[in-house]
Amino acid sequence: SATIAPETQGSVIVHLFQWRWESVARECADVLGPNGYGAVQVSPPQEHVVLPSAEGAAYPWWQDYQAVSYKIDNTRRGTAADFAAMVETCRESGVKVYADAIVNHTTGPGRGTGSAGSSWQGDAYAYPAVPYTSRDFNDCRHDIADWNDPDEVWNCELLALRDLKTSRPNVRTEITDYLNGLIDLGVAGFRIDAAKHIPATDLQSIYAGLHDVPGYGGPPYVYQEVKEGGGPDSIKPWGYTPLGDVTDFRFHAAVGTAVRDGRLNGLLDAVDHDMAVAADEAVVFIDNHDTQRDDVSISYQGMGARHDLAQTFMLAQPYGTPKVMSSYYYTQRAQGPPSTGTKDGNPAGALTATTGCDNARWFCEHRNLNAMPTFPTAVGSTPAAPRTADGDARLAFDRGARGFAAFNATDTAWRMASPTNLPDGTYCDVANGPAACTSDSATAITVDEGQVTATLPANGTLAIHVDATPSAPS
Ligand code: LM2
Ligand code: CA
């Protein structure tokens with residue numbers, strides 16, 4: 001699509017949901033860069049509401065989806081300096097930063113002081129720090145009632161969130177300036193939150209003013225949140241693809257459920273025929289921060305290794321730009337991230353490669369995938385060709401002569417022998433280890449006379465490709 005900037009490494013995105021900027025920076029250097037990630041999606045960086053208690057939680061995670069101003073200093077994830085340092089460190093590690101951009105709306109009702117100290121009055125539609133006043137909001141001041149009517153979907157309120165009148169030039173300029181400030185810091189892409197609730201013509205005008213990303217020689221990568229529902233084409237995912245990519249929820253619905261239930265046969269056909277938009281227009285995911293809470297077909301919490309298998313499958317198949325989910329343990333929907341308890345429910349700052357990730361706090365699902373993000377980069381757009389199946393829940397396929405992957409969505413080991421088009425030789429299993437191995441590593445896999453032989457444990461995976469082969473053992 002037209003908005004894709006040149007890649008530093010692959011295009012795989014990981015969403016480090018609610019991570020502090022300093023933790024993201026460390027992860028870029030220690031884990032994301034070395035394992036082939038192309039980009040990290042970070043939580044919204046703009047000033048947000050601060051809610052000591054709401055819907056049963058102290059400082060719910062969704063504070064961030066209510067914008068008070070476009071200041072990026074002192075969000076719950078750190079200072080403006082922390083943010084800038086993160087972008088720089090990630091860039092040096094070959095990893096782009098994509099920001100979640102809240103541009104459809106500001107806050108819900110009520111009034112208060114935002115994370116950077118700005119006052120806000122949702123009740124009066126007043127945000128002096130931007131500034132926005134009442135005339136900058138759409139006239140329909142009630143929730144969307146008819147979800148098939150574009151006029152309501154675009155111009156009424158989503159969850160009582162004050163709906164910006166993006167037809168106004170000054171509103172467009174405020175948003176463009178906000179995004180440009182992030183681009184000038186090196187941010188290379190945006191998830192456009194609630195894009196479906198903004199007319200495509202308004203978004204087009206907002207994007208038209210965006211700067212090129214310094215050092216990458218092109219505009220930012222844009223992927224728009226457009227959940228498919230009823231109504232005309234103008235509010236469907238394909239109503240927004242002329243402007244940029246879209247999130248394809250069909251993938252989550254089809255693949256998440258099938259992998260959970262151990263139905264792998266037929267999935268390659270499904271991703272080939274049954275998705276909403278073209279493969280190069282879609283961002284795909286097994287779960288995201290919303291589906292984990294509101295539409296749980298599959299998530300790491302409760303599924304464990306089967307969820308890892310699903311995310312590995314997503315990285316092995318050809319449809320869409322994969323977005324890996326990395327989340328945290330919770331017992332209540334609104335519950336915020338694991339906290340140090342020191343300041344306003346801010347997430348812990350001590351996440352490192354060796355501390356912080358455990359099944360009681362941050363799950364760090366992405367680390368379980370090892371160097372699998374190198375796989376889509378190595379195989380490119382080569383189609384998938386099934387090679388071996390054993391029942392419905394065990395499947396192996398080639399990606400041309402460039403990659404081979406196998407999946408065992410059962411609770412018992414699978415002794416697999418499968419033909420492959422990969423050239424004979426030794427490869428590093430990137431689903432289970434780093435892209436660099438030696439021929440005596442536990443993850444070294446041999447293709448001999450066109451055949452791969454291996455034992456996949458319960459819920460196990462295997463993935464080899466032509467760009468990950470052993471160096472000679474020392
Ligand atoms: C999204 N994508 O288009 C985000 O992925 C999703 O997480 C956001 O909802 C939503 N759109 C708006 O940006 C979340 C969360 C809601 C929460 C909103 C705003 O799922 O529960 O709504 O953020 O913080 C909360 C209350 C809701 C209330 C609203 C306004 O849960 O009951 O509505 O605040 O006060 C009266
Ligand atoms: Ca709107």
# chains A, B, ... in the order shown; residues from 1 in each chain; ligands from 1
$ residues_near_ligand --ligand "ligand 1" --cutoff "6 Å" --atoms "only C-alpha atoms and all ligand atoms" --output "list of chain:residue names"
A:Trp62, A:Gln63, A:Tyr65, A:Gln66, A:Gly108, A:Pro109, A:Leu159, A:Ala160, A:Leu161, A:Asp193, A:Ala194, A:Glu225, A:Asp290
$ write_last_selection --atoms "C-alpha atoms" --output "CSV table (one decimal), in the first residue's frame"
chain,number,residue,atom,x,y,z
A,62,TRP,CA,-8.5,2.6,29.2
A,63,GLN,CA,-7.6,6.0,30.7
A,65,TYR,CA,-8.1,6.1,25.2
A,66,GLN,CA,-9.5,9.4,26.5
A,108,GLY,CA,-16.2,11.0,28.2
A,109,PRO,CA,-18.4,13.1,30.4
A,159,LEU,CA,-19.1,5.2,24.4
A,160,ALA,CA,-20.0,8.8,25.2
A,161,LEU,CA,-16.6,9.9,24.1
A,193,ASP,CA,-7.9,4.2,16.8
A,194,ALA,CA,-11.6,4.2,15.9
A,225,GLU,CA,-9.0,0.3,13.2
A,290,ASP,CA,-10.1,-5.5,23.2
$ residues_around --residues "range 168-174 of chain A" --least-positions-apart "6" --cutoff "9 Å" --atoms "only C-alpha atoms" --output "ChimeraX atom specification"
/A:70,130-132,136,202-203,205-206,209
$ residues_near_ligand --ligand "ligand 2" --cutoff "7 Å" --atoms "only C-alpha atoms and all ligand atoms" --output "ChimeraX atom specification"
/A:104-105,153-157,163-164,197-198
$ closest_residue --among "A:Lys323, A:Arg26, A:Arg306, A:His211" --to "Thr247 in chain A" --atoms "only C-alpha atoms"
A:Lys323
$ atom_distance --atom1 "CA of Arg333 in chain A" --atom2 "CA of Asn459 in chain A"
27.8 Å
$ closest_atom_pairs --of "range 127-157 of chain A" --to "range 111-116 of chain A" --cutoff "12 Å" --atoms "only C-alpha atoms" --output "CSV"
residue,atom,partner,partner_atom,distance
A:Tyr127,CA,A:Arg111,CA,9.9
A:Pro128,CA,A:Thr113,CA,11.3
A:Ala129,CA,A:Gly114,CA,10.0
